[in-house]
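S.K.: For reference, the file final-v8.cif (mmCIF, C-alpha atoms) is included below:
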data_query
#
loop_
_atom_site.group_PDB
_atom_site.id
_atom_site.type_symbol
_atom_site.label_atom_id
_atom_site.label_comp_id
_atom_site.auth_asym_id
_atom_site.auth_seq_id
_atom_site.Cartn_x
_atom_site.Cartn_y
_atom_site.Cartn_z
ATOM 1 C CA MET A 1254 -234.492 95.925 117.241
ATOM 2 C CA PHE A 1255 -233.551 99.590 117.719
ATOM 3 C CA ARG A 1256 -236.456 102.046 117.369
ATOM 4 C CA TYR A 1257 -234.171 104.902 116.306
ATOM 5 C CA ASP A 1258 -231.523 105.415 113.632
ATOM 6 C CA LEU A 1259 -228.242 107.238 113.080
ATOM 7 C CA ASN A 1260 -230.052 110.374 111.882
ATOM 8 C CA ASP A 1261 -231.669 110.701 115.301
ATOM 9 C CA LEU A 1262 -228.241 110.609 116.964
ATOM 10 C CA LEU A 1263 -226.898 113.096 114.423
ATOM 11 C CA LEU A 1264 -229.809 115.426 115.219
ATOM 12 C CA LEU A 1265 -229.068 115.240 118.940
ATOM 13 C CA GLN A 1266 -225.433 116.159 118.274
ATOM 14 C CA ALA A 1267 -226.477 119.128 116.139
ATOM 15 C CA ILE A 1268 -228.886 120.416 118.795
ATOM 16 C CA SER A 1269 -226.149 120.060 121.410
ATOM 17 C CA ASP A 1270 -223.669 121.999 119.254
ATOM 18 C CA CYS A 1271 -226.151 124.821 118.599
ATOM 19 C CA GLN A 1272 -227.802 124.740 122.043
ATOM 20 C CA ASN A 1273 -230.991 125.382 120.109
ATOM 21 C CA LEU A 1274 -233.483 122.887 118.718
ATOM 22 C CA THR A 1275 -234.512 124.963 115.689
ATOM 23 C CA ARG A 1276 -230.937 125.781 114.586
ATOM 24 C CA GLY A 1277 -229.814 122.207 115.242
ATOM 25 C CA ALA A 1278 -232.657 120.911 113.091
ATOM 26 C CA GLU A 1279 -231.813 123.337 110.283
ATOM 27 C CA LYS A 1280 -228.177 122.222 110.431
ATOM 28 C CA ILE A 1281 -229.146 118.743 109.197
ATOM 29 C CA GLY A 1282 -232.046 119.816 106.982
ATOM 30 C CA LEU A 1283 -235.053 119.264 109.277
ATOM 31 C CA THR A 1284 -237.889 121.505 110.462
ATOM 32 C CA ALA A 1285 -238.266 122.230 114.169
ATOM 33 C CA PRO A 1286 -241.559 120.241 114.522
ATOM 34 C CA SER A 1287 -240.023 117.239 112.774
ATOM 35 C CA ALA A 1288 -236.958 117.456 115.028
ATOM 36 C CA SER A 1289 -239.144 117.639 118.156
ATOM 37 C CA VAL A 1290 -240.962 114.457 117.130
ATOM 38 C CA ARG A 1291 -237.669 112.659 116.451
ATOM 39 C CA ILE A 1292 -236.180 113.668 119.811
ATOM 40 C CA ARG A 1293 -239.335 112.626 121.676
ATOM 41 C CA LYS A 1294 -239.306 109.199 119.987
ATOM 42 C CA LEU A 1295 -235.571 108.841 120.720
ATOM 43 C CA GLU A 1296 -236.225 109.576 124.412
ATOM 44 C CA GLU A 1297 -239.051 107.022 124.452
ATOM 45 C CA ALA A 1298 -236.822 104.410 122.825
ATOM 46 C CA LEU A 1299 -233.946 105.012 125.260
ATOM 47 C CA LYS A 1300 -236.311 105.569 128.239
ATOM 48 C CA VAL A 1301 -234.391 108.673 129.401
ATOM 49 C CA LYS A 1302 -234.731 112.457 129.124
ATOM 50 C CA LEU A 1303 -232.101 113.822 126.730
ATOM 51 C CA LEU A 1304 -232.743 117.582 126.639
ATOM 52 C CA LYS A 1305 -233.724 120.252 129.130
ATOM 53 C CA ARG A 1306 -234.472 123.930 128.736
ATOM 54 C CA SER A 1307 -231.770 126.462 129.651
ATOM 55 C CA PRO A 1308 -231.448 130.268 129.585
ATOM 56 C CA LYS A 1309 -229.608 129.913 126.259
ATOM 57 C CA GLY A 1310 -232.167 127.555 124.720
ATOM 58 C CA VAL A 1311 -231.748 123.845 125.368
ATOM 59 C CA GLU A 1312 -228.917 121.744 126.757
ATOM 60 C CA LEU A 1313 -228.187 118.067 127.242
ATOM 61 C CA THR A 1314 -229.129 116.224 130.397
ATOM 62 C CA SER A 1315 -226.466 113.966 131.924
ATOM 63 C CA ALA A 1316 -228.004 111.050 130.013
ATOM 64 C CA GLY A 1317 -228.041 113.157 126.855
ATOM 65 C CA LYS A 1318 -224.318 113.906 127.221
ATOM 66 C CA LEU A 1319 -223.625 110.192 127.538
ATOM 67 C CA VAL A 1320 -225.652 109.433 124.386
ATOM 68 C CA VAL A 1321 -223.814 112.135 122.400
ATOM 69 C CA ASP A 1322 -220.375 110.932 123.583
ATOM 70 C CA GLN A 1323 -221.160 107.326 122.669
ATOM 71 C CA SER A 1324 -222.769 108.257 119.351
ATOM 72 C CA LYS A 1325 -219.613 110.170 118.328
ATOM 73 C CA LYS A 1326 -217.662 106.942 118.749
ATOM 74 C CA VAL A 1327 -220.206 105.208 116.512
ATOM 75 C CA PHE A 1328 -219.783 107.830 113.788
ATOM 76 C CA TRP A 1329 -215.974 107.635 114.058
ATOM 77 C CA THR A 1330 -216.249 103.875 113.537
ATOM 78 C CA PHE A 1331 -218.359 104.342 110.424
ATOM 79 C CA GLU A 1332 -215.980 107.009 109.089
ATOM 80 C CA GLY A 1333 -213.080 104.605 109.647
ATOM 81 C CA MET A 1334 -214.947 101.883 107.778
ATOM 82 C CA ALA A 1335 -215.636 104.255 104.869
ATOM 83 C CA SER A 1336 -211.974 105.240 104.768
ATOM 84 C CA SER A 1337 -210.886 101.588 104.719
ATOM 85 C CA LEU A 1338 -213.231 100.875 101.812
ATOM 86 C CA ARG A 1339 -211.823 103.603 99.545
ATOM 87 C CA PRO A 1340 -209.165 101.385 97.898
ATOM 88 C CA PHE A 1341 -211.791 98.723 97.145
ATOM 89 C CA ILE A 1342 -214.157 101.314 95.663
ATOM 90 C CA ARG A 1343 -211.408 102.672 93.409
ATOM 91 C CA LYS A 1344 -210.536 99.112 92.419
ATOM 92 C CA GLU A 1345 -214.103 98.459 91.287
ATOM 93 C CA GLU A 1346 -214.156 101.725 89.332
ATOM 94 C CA GLY A 1347 -210.810 101.109 87.613
ATOM 95 C CA VAL A 1348 -209.167 104.130 89.237
ATOM 96 C CA ILE A 1349 -205.647 104.356 90.674
ATOM 97 C CA LYS A 1350 -205.041 107.271 93.039
ATOM 98 C CA ILE A 1351 -201.463 108.499 93.262
ATOM 99 C CA PHE A 1352 -199.985 110.834 95.855
ATOM 100 C CA ALA A 1353 -196.605 112.252 94.783
ATOM 101 C CA ASN A 1354 -194.230 114.951 95.944
ATOM 102 C CA TYR A 1355 -193.407 117.916 93.714
ATOM 103 C CA GLY A 1356 -190.391 116.344 91.990
ATOM 104 C CA ALA A 1357 -192.195 113.159 91.056
ATOM 105 C CA ALA A 1358 -195.441 114.917 90.094
ATOM 106 C CA ILE A 1359 -193.769 117.541 87.888
ATOM 107 C CA ASP A 1360 -190.601 115.968 86.518
ATOM 108 C CA PHE A 1361 -191.346 112.271 85.985
ATOM 109 C CA LEU A 1362 -194.950 111.112 86.337
ATOM 110 C CA PRO A 1363 -196.517 113.168 83.499
ATOM 111 C CA TYR A 1364 -194.290 111.415 80.970
ATOM 112 C CA ASP A 1365 -194.421 107.950 82.533
ATOM 113 C CA LEU A 1366 -198.201 108.123 82.961
ATOM 114 C CA ALA A 1367 -198.732 109.297 79.385
ATOM 115 C CA GLU A 1368 -196.883 106.290 77.967
ATOM 116 C CA TYR A 1369 -198.680 103.884 80.278
ATOM 117 C CA MET A 1370 -202.148 105.249 79.460
ATOM 118 C CA ALA A 1371 -201.423 105.045 75.748
ATOM 119 C CA VAL A 1372 -201.453 101.259 76.175
ATOM 120 C CA HIS A 1373 -203.876 100.954 79.116
ATOM 121 C CA ASN A 1374 -206.621 103.450 78.286
ATOM 122 C CA GLU A 1375 -209.147 101.486 80.369
ATOM 123 C CA ILE A 1376 -207.527 102.794 83.577
ATOM 124 C CA SER A 1377 -208.088 106.253 85.055
ATOM 125 C CA PHE A 1378 -205.674 108.022 87.381
ATOM 126 C CA VAL A 1379 -205.979 110.685 90.057
ATOM 127 C CA LEU A 1380 -202.663 112.429 90.737
ATOM 128 C CA GLU A 1381 -202.335 114.648 93.819
ATOM 129 C CA GLN A 1382 -199.191 116.613 94.649
ATOM 130 C CA SER A 1383 -198.342 116.648 98.341
ATOM 131 C CA PRO A 1384 -195.329 116.933 100.692
ATOM 132 C CA SER A 1385 -193.365 113.711 101.104
ATOM 133 C CA LEU A 1386 -194.596 113.003 104.640
ATOM 134 C CA ASN A 1387 -198.214 113.435 103.504
ATOM 135 C CA VAL A 1388 -197.577 111.027 100.638
ATOM 136 C CA VAL A 1389 -196.460 108.338 103.072
ATOM 137 C CA ARG A 1390 -199.416 109.036 105.372
ATOM 138 C CA ALA A 1391 -201.906 108.871 102.489
ATOM 139 C CA VAL A 1392 -200.692 105.422 101.417
ATOM 140 C CA ALA A 1393 -200.615 104.161 105.002
ATOM 141 C CA THR A 1394 -204.222 105.258 105.636
ATOM 142 C CA GLY A 1395 -205.590 104.051 102.292
ATOM 143 C CA GLU A 1396 -206.294 107.551 100.992
ATOM 144 C CA ALA A 1397 -203.901 106.771 98.132
ATOM 145 C CA ASP A 1398 -203.338 103.481 96.322
ATOM 146 C CA ILE A 1399 -199.697 104.234 95.595
ATOM 147 C CA GLY A 1400 -197.280 106.983 96.594
ATOM 148 C CA ILE A 1401 -194.060 108.388 95.187
ATOM 149 C CA SER A 1402 -191.804 110.615 97.244
ATOM 150 C CA VAL A 1403 -188.631 110.838 99.314
ATOM 151 C CA CYS A 1404 -188.778 109.129 102.695
ATOM 152 C CA GLU A 1405 -185.820 108.522 105.016
ATOM 153 C CA VAL A 1406 -187.657 106.432 107.615
ATOM 154 C CA LEU A 1407 -190.221 103.990 106.232
ATOM 155 C CA PRO A 1408 -193.165 102.983 108.459
ATOM 156 C CA GLU A 1409 -193.581 99.248 109.029
ATOM 157 C CA SER A 1410 -197.003 99.439 107.372
ATOM 158 C CA LEU A 1411 -195.436 100.266 103.983
ATOM 159 C CA ARG A 1412 -193.059 98.667 101.488
ATOM 160 C CA SER A 1413 -190.931 100.664 99.072
ATOM 161 C CA TYR A 1414 -189.351 100.238 95.646
ATOM 162 C CA PRO A 1415 -186.826 102.437 93.795
ATOM 163 C CA TYR A 1416 -188.189 104.812 91.164
ATOM 164 C CA HIS A 1417 -185.906 107.675 90.044
ATOM 165 C CA GLU A 1418 -182.882 109.531 91.346
ATOM 166 C CA ASP A 1419 -182.524 113.269 90.975
ATOM 167 C CA ARG A 1420 -180.634 116.171 92.520
ATOM 168 C CA LEU A 1421 -181.610 119.654 93.615
ATOM 169 C CA VAL A 1422 -179.360 122.453 92.326
ATOM 170 C CA ALA A 1423 -179.225 126.224 92.651
ATOM 171 C CA ILE A 1424 -179.705 128.481 89.641
ATOM 172 C CA LEU A 1425 -178.330 132.010 89.996
ATOM 173 C CA PRO A 1426 -178.386 135.195 87.925
ATOM 174 C CA GLU A 1427 -175.178 135.560 85.939
ATOM 175 C CA ASN A 1428 -174.106 138.585 88.019
ATOM 176 C CA HIS A 1429 -174.808 136.925 91.371
ATOM 177 C CA PRO A 1430 -171.932 137.064 93.937
ATOM 178 C CA LEU A 1431 -171.847 133.226 94.071
ATOM 179 C CA ALA A 1432 -172.271 132.635 90.331
ATOM 180 C CA ASP A 1433 -168.603 131.701 89.807
ATOM 181 C CA ARG A 1434 -168.748 128.904 92.392
ATOM 182 C CA THR A 1435 -169.189 125.267 91.392
ATOM 183 C CA HIS A 1436 -170.643 124.205 94.763
ATOM 184 C CA VAL A 1437 -172.388 126.073 97.596
ATOM 185 C CA ASP A 1438 -174.056 125.262 100.870
ATOM 186 C CA PHE A 1439 -177.759 126.126 101.045
ATOM 187 C CA LYS A 1440 -176.979 128.247 104.110
ATOM 188 C CA GLU A 1441 -174.733 130.521 102.012
ATOM 189 C CA LEU A 1442 -177.635 131.287 99.693
ATOM 190 C CA LEU A 1443 -180.054 132.229 102.439
ATOM 191 C CA VAL A 1444 -178.635 135.740 102.871
ATOM 192 C CA PHE A 1445 -179.669 136.545 99.277
ATOM 193 C CA ASP A 1446 -183.050 137.190 97.663
ATOM 194 C CA SER A 1447 -184.715 134.130 96.198
ATOM 195 C CA VAL A 1448 -187.472 133.187 93.791
ATOM 196 C CA GLY A 1449 -189.798 130.513 95.128
ATOM 197 C CA LEU A 1450 -192.854 128.516 94.230
ATOM 198 C CA SER A 1451 -196.268 129.106 95.807
ATOM 199 C CA GLN A 1452 -196.503 128.499 99.542
ATOM 200 C CA ASN A 1453 -198.748 125.439 99.166
ATOM 201 C CA CYS A 1454 -196.246 123.689 96.880
ATOM 202 C CA SER A 1455 -194.625 120.671 98.534
ATOM 203 C CA MET A 1456 -191.168 121.593 97.229
ATOM 204 C CA GLN A 1457 -191.413 125.129 98.626
ATOM 205 C CA LEU A 1458 -192.585 123.810 101.992
ATOM 206 C CA PHE A 1459 -189.584 121.468 102.036
ATOM 207 C CA LEU A 1460 -187.086 124.254 101.261
ATOM 208 C CA CYS A 1461 -188.610 126.654 103.782
ATOM 209 C CA LYS A 1462 -188.343 124.009 106.490
ATOM 210 C CA LYS A 1463 -184.680 123.363 105.649
ATOM 211 C CA ALA A 1464 -184.029 127.114 105.877
ATOM 212 C CA VAL A 1465 -185.771 127.390 109.256
ATOM 213 C CA ASP A 1466 -183.735 124.420 110.508
ATOM 214 C CA LEU A 1467 -180.610 126.423 109.634
ATOM 215 C CA GLY A 1468 -181.918 129.462 111.490
ATOM 216 C CA LEU A 1469 -182.108 131.659 108.372
ATOM 217 C CA PRO A 1470 -185.581 131.763 106.771
ATOM 218 C CA MET A 1471 -185.632 132.213 102.998
ATOM 219 C CA LYS A 1472 -185.731 135.807 101.711
ATOM 220 C CA LEU A 1473 -188.489 135.217 99.182
ATOM 221 C CA LYS A 1474 -188.522 138.198 96.828
ATOM 222 C CA VAL A 1475 -191.293 136.710 94.736
ATOM 223 C CA GLN A 1476 -193.334 133.496 94.767
ATOM 224 C CA VAL A 1477 -194.753 132.191 91.520
ATOM 225 C CA ASP A 1478 -197.126 129.558 90.243
ATOM 226 C CA ASN A 1479 -195.876 125.982 90.427
ATOM 227 C CA HIS A 1480 -194.471 126.066 86.922
ATOM 228 C CA PRO A 1481 -190.647 125.866 86.789
ATOM 229 C CA HIS A 1482 -190.435 127.904 83.581
ATOM 230 C CA ILE A 1483 -191.607 130.999 85.477
ATOM 231 C CA LEU A 1484 -188.751 130.477 87.943
ATOM 232 C CA PHE A 1485 -186.283 130.428 85.045
ATOM 233 C CA GLU A 1486 -187.639 133.740 83.773
ATOM 234 C CA PHE A 1487 -187.251 135.543 87.111
ATOM 235 C CA VAL A 1488 -183.769 134.170 87.784
ATOM 236 C CA SER A 1489 -182.684 135.022 84.254
ATOM 237 C CA VAL A 1490 -183.584 138.714 84.697
ATOM 238 C CA GLY A 1491 -181.745 138.886 88.024
ATOM 239 C CA VAL A 1492 -184.500 138.842 90.677
ATOM 240 C CA GLY A 1493 -182.796 136.173 92.784
ATOM 241 C CA TYR A 1494 -181.661 132.573 93.007
ATOM 242 C CA ALA A 1495 -183.942 129.521 92.884
ATOM 243 C CA ILE A 1496 -183.674 125.848 93.784
ATOM 244 C CA VAL A 1497 -184.775 123.403 91.095
ATOM 245 C CA SER A 1498 -184.193 119.775 90.238
ATOM 246 C CA GLN A 1499 -181.591 118.620 87.750
ATOM 247 C CA LYS A 1500 -184.427 117.038 85.776
ATOM 248 C CA THR A 1501 -186.228 120.382 85.570
ATOM 249 C CA LEU A 1502 -183.108 121.944 84.032
ATOM 250 C CA GLU A 1503 -183.552 119.689 81.002
ATOM 251 C CA LYS A 1504 -186.617 121.789 80.141
ATOM 252 C CA ARG A 1505 -184.728 125.092 80.060
ATOM 253 C CA SER A 1506 -184.689 127.245 76.953
ATOM 254 C CA PRO A 1507 -181.402 128.657 75.585
ATOM 255 C CA GLU A 1508 -182.843 132.162 75.934
ATOM 256 C CA TRP A 1509 -182.712 131.913 79.729
ATOM 257 C CA LYS A 1510 -179.304 133.021 80.976
ATOM 258 C CA PHE A 1511 -178.251 131.903 84.442
ATOM 259 C CA LYS A 1512 -175.562 129.865 86.219
ATOM 260 C CA THR A 1513 -176.085 126.420 87.721
ATOM 261 C CA VAL A 1514 -174.343 125.620 91.008
ATOM 262 C CA GLN A 1515 -174.362 122.283 92.835
ATOM 263 C CA LEU A 1516 -175.624 122.106 96.435
ATOM 264 C CA ASN A 1517 -173.355 120.448 99.008
ATOM 265 C CA ASP A 1518 -176.228 119.578 101.346
ATOM 266 C CA PRO A 1519 -176.907 115.811 101.617
ATOM 267 C CA TRP A 1520 -180.669 116.319 101.179
ATOM 268 C CA ALA A 1521 -180.050 117.763 97.707
ATOM 269 C CA ARG A 1522 -179.686 114.194 96.445
ATOM 270 C CA ARG A 1523 -183.223 112.942 95.984
ATOM 271 C CA GLU A 1524 -184.061 109.224 95.926
ATOM 272 C CA LEU A 1525 -187.652 108.937 94.784
ATOM 273 C CA LYS A 1526 -189.335 105.739 95.915
ATOM 274 C CA ILE A 1527 -192.626 104.002 95.205
ATOM 275 C CA PHE A 1528 -194.721 103.206 98.282
ATOM 276 C CA LEU A 1529 -197.413 100.566 98.686
ATOM 277 C CA PRO A 1530 -199.165 99.196 101.790
ATOM 278 C CA GLN A 1531 -197.424 96.222 103.412
ATOM 279 C CA ALA A 1532 -200.743 94.342 103.394
ATOM 280 C CA LYS A 1533 -201.595 93.164 99.897
ATOM 281 C CA ASP A 1534 -205.325 92.488 100.375
ATOM 282 C CA SER A 1535 -206.360 95.585 98.403
ATOM 283 C CA GLU A 1536 -203.599 95.319 95.791
ATOM 284 C CA THR A 1537 -204.951 94.339 92.399
ATOM 285 C CA ASN A 1538 -203.038 92.823 89.508
ATOM 286 C CA ARG A 1539 -203.562 96.160 87.767
ATOM 287 C CA LEU A 1540 -201.848 98.048 90.594
ATOM 288 C CA LYS A 1541 -198.965 95.577 90.744
ATOM 289 C CA GLU A 1542 -198.504 95.871 86.980
ATOM 290 C CA PHE A 1543 -198.466 99.664 87.239
ATOM 291 C CA LYS A 1544 -195.888 99.544 90.054
ATOM 292 C CA ASP A 1545 -193.689 97.231 87.974
ATOM 293 C CA TYR A 1546 -194.006 99.604 85.011
ATOM 294 C CA LEU A 1547 -192.935 102.609 87.112
ATOM 295 C CA GLN A 1548 -189.957 100.666 88.406
ATOM 296 C CA SER A 1549 -188.921 99.732 84.885
ATOM 297 C CA ARG A 1550 -189.182 103.360 83.773
ATOM 298 C CA GLY A 1551 -186.890 104.438 86.575
ATOM 299 C CA TYR A 1552 -184.411 101.675 85.789
ATOM 300 C CA MET A 1553 -184.402 102.505 82.072
ATOM 301 C CA LYS A 1554 -183.854 106.165 82.846
ATOM 302 C CA SER A 1555 -180.905 105.488 85.131
ATOM 303 C CA LEU A 1556 -179.287 103.431 82.360
ATOM 304 C CA ASP A 1557 -179.796 106.279 79.888
ATOM 305 C CA ASP A 1558 -178.205 108.752 82.306
#
Output the file's structure in the form of structure tokens.

M.R.:
Amino acid sequence: MFRYDLNDLLLLQAISDCQNLTRGAEKIGLTAPSASVRIRKLEEALKVKLLKRSPKGVELTSAGKLVVDQSKKVFWTFEGMASSLRPFIRKEEGVIKIFANYGAAIDFLPYDLAEYMAVHNEISFVLEQSPSLNVVRAVATGEADIGISVCEVLPESLRSYPYHEDRLVAILPENHPLADRTHVDFKELLVFDSVGLSQNCSMQLFLCKKAVDLGLPMKLKVQVDNHPHILFEFVSVGVGYAIVSQKTLEKRSPEWKFKTVQLNDPWARRELKIFLPQAKDSETNRLKEFKDYLQSRGYMKSLDD
């Protein structure tokens, strides 16, 4: 049996980081005398000297460095185990965690979730907006139970299902030089002032990356909260153009005056997909039922359109 525990190893790491026993002890909520006793007992258990005095305070011996390096691997293993258990914990608690990109989180999920929860009020949801690549990563690592986003290359660890189709369009002030056009390339717009969403919004990150890829960063005159109605207001009074989804345009008010122009760029067509892990060991009947419901909502919507 081991005569030390993980807290002793954590203390040794903290002392090493601080190069000071007192500050290392405080870092994990111990007093210096208590930490000294723990380190002495750890040295007795391992039968090696772990710390030595230095001009700066204390430092690890060669054996101490080995213990810290190996203990970090132990903690990484435990962190990985905790991460792997998250889907099972949410399953027990009746929670479904969704990661979705901006389009899905703003334009579709609020309405689809509301109808689903009206019938299934025993289920709770956590919805987190994130860029499409982060959505895929979150599902692959188990951070999310289900993801909804755009993804051109699907990892082998995931399976996908169709959800909704949408299109990004440009909205321009009525007096804009390109307002009489029916179609434009995104690159043509980049020489003009634009109205954008906040910098941490997944849609804005996507557009800024596309602009950088074209060698012409967006001329953001103003960035607003992640509410599309504020974009409409600024475009309507002539501040600049904005990029929004066709679905978002359905929410416009007649008082907002601007022109809508289609984007020629292939990425403007958005195929939203549902992502689940390839392995089904953590998939509950509840999650499968929810996935089937989302698919049916997308199918019904495409028929209506």

S.K.: Separation of CA of Ala1353 in chain A and CA of Ile1401 in chain A, in Å?

M.R.: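 If I compute the distance from CA of Ala1353 in chain A to CA of Ile1401 in chain A, I get 4.6 Å.
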
S.K.: Do you know which residues lie at most 9 Å from (-199.4, 106.8, 104.7), with coordinates as in the file and all atoms listed in the file counted, and could you write them as a list in words?

M.R.: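 Within 9 Å of (-199.4, 106.8, 104.7), the protein and nucleic acid residues are Leu1386, Asn1387, Val1388, Val1389, Arg1390, Ala1391, Val1392, Ala1393, Thr1394, Gly1395, Glu1396, Ala1397, Gly1400, Pro1408, Ser1410, Leu1411, Phe1528, Leu1529 and Pro1530 of chain A.
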
S.K.: Produce a file of the selected residues containing C-alpha atoms, as a PDB file, in the frame of the given file.

M.R.:
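Contents of result06.pdb, as written:
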ATOM      1  CA  LEU A1386    -194.596 113.003 104.640  1.00  0.00           C
ATOM      2  CA  ASN A1387    -198.214 113.435 103.504  1.00  0.00           C
ATOM      3  CA  VAL A1388    -197.577 111.027 100.638  1.00  0.00           C
ATOM      4  CA  VAL A1389    -196.460 108.338 103.072  1.00  0.00           C
ATOM      5  CA  ARG A1390    -199.416 109.036 105.372  1.00  0.00           C
ATOM      6  CA  ALA A1391    -201.906 108.871 102.489  1.00  0.00           C
ATOM      7  CA  VAL A1392    -200.692 105.422 101.417  1.00  0.00           C
ATOM      8  CA  ALA A1393    -200.615 104.161 105.002  1.00  0.00           C
ATOM      9  CA  THR A1394    -204.222 105.258 105.636  1.00  0.00           C
ATOM     10  CA  GLY A1395    -205.590 104.051 102.292  1.00  0.00           C
ATOM     11  CA  GLU A1396    -206.294 107.551 100.992  1.00  0.00           C
ATOM     12  CA  ALA A1397    -203.901 106.771  98.132  1.00  0.00           C
ATOM     13  CA  GLY A1400    -197.280 106.983  96.594  1.00  0.00           C
ATOM     14  CA  PRO A1408    -193.165 102.983 108.459  1.00  0.00           C
ATOM     15  CA  SER A1410    -197.003  99.439 107.372  1.00  0.00           C
ATOM     16  CA  LEU A1411    -195.436 100.266 103.983  1.00  0.00           C
ATOM     17  CA  PHE A1528    -194.721 103.206  98.282  1.00  0.00           C
ATOM     18  CA  LEU A1529    -197.413 100.566  98.686  1.00  0.00           C
ATOM     19  CA  PRO A1530    -199.165  99.196 101.790  1.00  0.00           C
TER      20      PRO A1530
END

S.K.: Closest to Phe1378 in chain A among A:Ile1351, A:Ala1357, A:Ile1527, A:Val1497, using all atoms listed in the file?

M.R.: A:Ile1351

S.K.: I'd like the neighbourhood of Ile1359 in chain A as a PyMOL selection string, where a residue qualifies if any of its atoms comes within 12 Å (using all atoms listed in the file), though same-chain residues fewer than 2 positions away should be ignored.

M.R.: chain A and resi 1353-1357+1361-1366+1380-1383+1401-1402+1454-1456+1479-1482+1497-1498+1500-1501+1504

S.K.: Which residue is closest to Gly1551 in chain A? Choose from A:Lys1510, A:Arg1505, A:His1417, A:Lys1463 and count only C-alpha atoms.

M.R.: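 Using only C-alpha atoms, the shortest distance to Gly1551 in chain A belongs to A:His1417.
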
S.K.: List as JSON lines every residue of range 1308-1406 of chain A that is in contact with range 1263-1284 of chain A, defined as an atom at most 8 Å from one of its atoms (using all atoms listed in the file), together with the nearest atom pair and the distance in Å rounded to one decimal, sorted by chain and then rising number.

M.R.:
{"residue": "A:Lys1309", "atom": "CA", "partner": "A:Gln1272", "partner_atom": "CA", "distance": 6.9}
{"residue": "A:Gly1310", "atom": "CA", "partner": "A:Asn1273", "partner_atom": "CA", "distance": 5.2}
{"residue": "A:Val1311", "atom": "CA", "partner": "A:Gln1272", "partner_atom": "CA", "distance": 5.2}
{"residue": "A:Glu1312", "atom": "CA", "partner": "A:Gln1272", "partner_atom": "CA", "distance": 5.7}
{"residue": "A:Leu1313", "atom": "CA", "partner": "A:Ser1269", "partner_atom": "CA", "distance": 6.5}
{"residue": "A:Val1321", "atom": "CA", "partner": "A:Gln1266", "partner_atom": "CA", "distance": 6.0}

S.K.: How many Å separate CA of Leu1502 in chain A from CA of Val1379 in chain A?

M.R.: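 Here the two named atoms are 26.2 Å from each other.
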
S.K.: Between CA of Leu1259 in chain A and CA of Leu1295 in chain A, what is the distance, to one decimal in Å?

M.R.: 10.7 Å

S.K.: With the PyMOL selection byres ((chain A and resi 1516) around 9) as the selection, what would be picked from this file? Answer as a list of chain:residue names, please.

M.R.: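 Selected by the PyMOL selection byres ((chain A and resi 1516) around 9) here: A:Arg1420, A:Leu1421, A:Val1422, A:Ala1423, A:Thr1435, A:His1436, A:Val1437, A:Asp1438, A:Phe1439, A:Val1514, A:Gln1515, A:Asn1517, A:Asp1518, A:Pro1519, A:Ala1521, A:Arg1522.
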
S.K.: Go ahead and save the picked residues with C-alpha atoms, as an mmCIF file, in the frame of the given file.

M.R.:
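Output file out.cif follows:
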data_model
loop_
_atom_site.group_PDB
_atom_site.id
_atom_site.type_symbol
_atom_site.label_atom_id
_atom_site.label_comp_id
_atom_site.auth_asym_id
_atom_site.auth_seq_id
_atom_site.Cartn_x
_atom_site.Cartn_y
_atom_site.Cartn_z
ATOM 1 C CA ARG A 1420 -180.634 116.171 92.520
ATOM 2 C CA LEU A 1421 -181.610 119.654 93.615
ATOM 3 C CA VAL A 1422 -179.360 122.453 92.326
ATOM 4 C CA ALA A 1423 -179.225 126.224 92.651
ATOM 5 C CA THR A 1435 -169.189 125.267 91.392
ATOM 6 C CA HIS A 1436 -170.643 124.205 94.763
ATOM 7 C CA VAL A 1437 -172.388 126.073 97.596
ATOM 8 C CA ASP A 1438 -174.056 125.262 100.870
ATOM 9 C CA PHE A 1439 -177.759 126.126 101.045
ATOM 10 C CA VAL A 1514 -174.343 125.620 91.008
ATOM 11 C CA GLN A 1515 -174.362 122.283 92.835
ATOM 12 C CA ASN A 1517 -173.355 120.448 99.008
ATOM 13 C CA ASP A 1518 -176.228 119.578 101.346
ATOM 14 C CA PRO A 1519 -176.907 115.811 101.617
ATOM 15 C CA ALA A 1521 -180.050 117.763 97.707
ATOM 16 C CA ARG A 1522 -179.686 114.194 96.445
#

S.K.: Using all atoms listed in the file for the distances, tell me which of A:Ser1506, A:Ser1324, A:Ser1549, A:Asn1428 is nearest to Tyr1369 in chain A.

M.R.: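 Among the listed residues, A:Ser1549 lies closest to Tyr1369 in chain A.
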
S.K.: Any chance you could resolve the PyMOL selection byres ((chain A and resi 1404) around 9) against this file and give the residues as a PyMOL selection string?

M.R.: chain A and resi 1385-1386+1389+1402-1403+1405-1407+1524-1526

S.K.: Residues near Val1488 in chain A, anyone? I mean within 12 Å using all atoms listed in the file, not counting same-chain ones fewer than 2 positions away, as a PyMOL selection string.

M.R.: chain A and resi 1423-1429+1432+1446-1449+1474-1477+1481-1486+1490-1497+1505+1509-1513

S.K.: Show me the residues close to (-226.3, 104.1, 121.9) - anything with an atom within 12 Å, counting only C-alpha atoms - and format the list as a list of chain:residue names.

M.R.: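 Using only C-alpha atoms, the matching residues come out as A:Phe1255, A:Arg1256, A:Tyr1257, A:Asp1258, A:Leu1259, A:Asp1261, A:Leu1262, A:Leu1263, A:Leu1265, A:Leu1295, A:Glu1296, A:Ala1298, A:Leu1299, A:Lys1300, A:Val1301, A:Ala1316, A:Gly1317, A:Lys1318, A:Leu1319, A:Val1320, A:Val1321, A:Asp1322, A:Gln1323, A:Ser1324, A:Lys1325, A:Lys1326, A:Val1327, A:Phe1328.
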
S.K.: Box for range 1303-1319 of chain A - axis-aligned, 6 Å on each of the six sides, all listed atoms - centre and size in Å to one decimal, as lines of an AutoDock Vina configuration file.

M.R.:
center_x = -229.0
center_y = 120.2
center_z = 128.3
size_x = 22.8
size_y = 32.1
size_z = 19.2
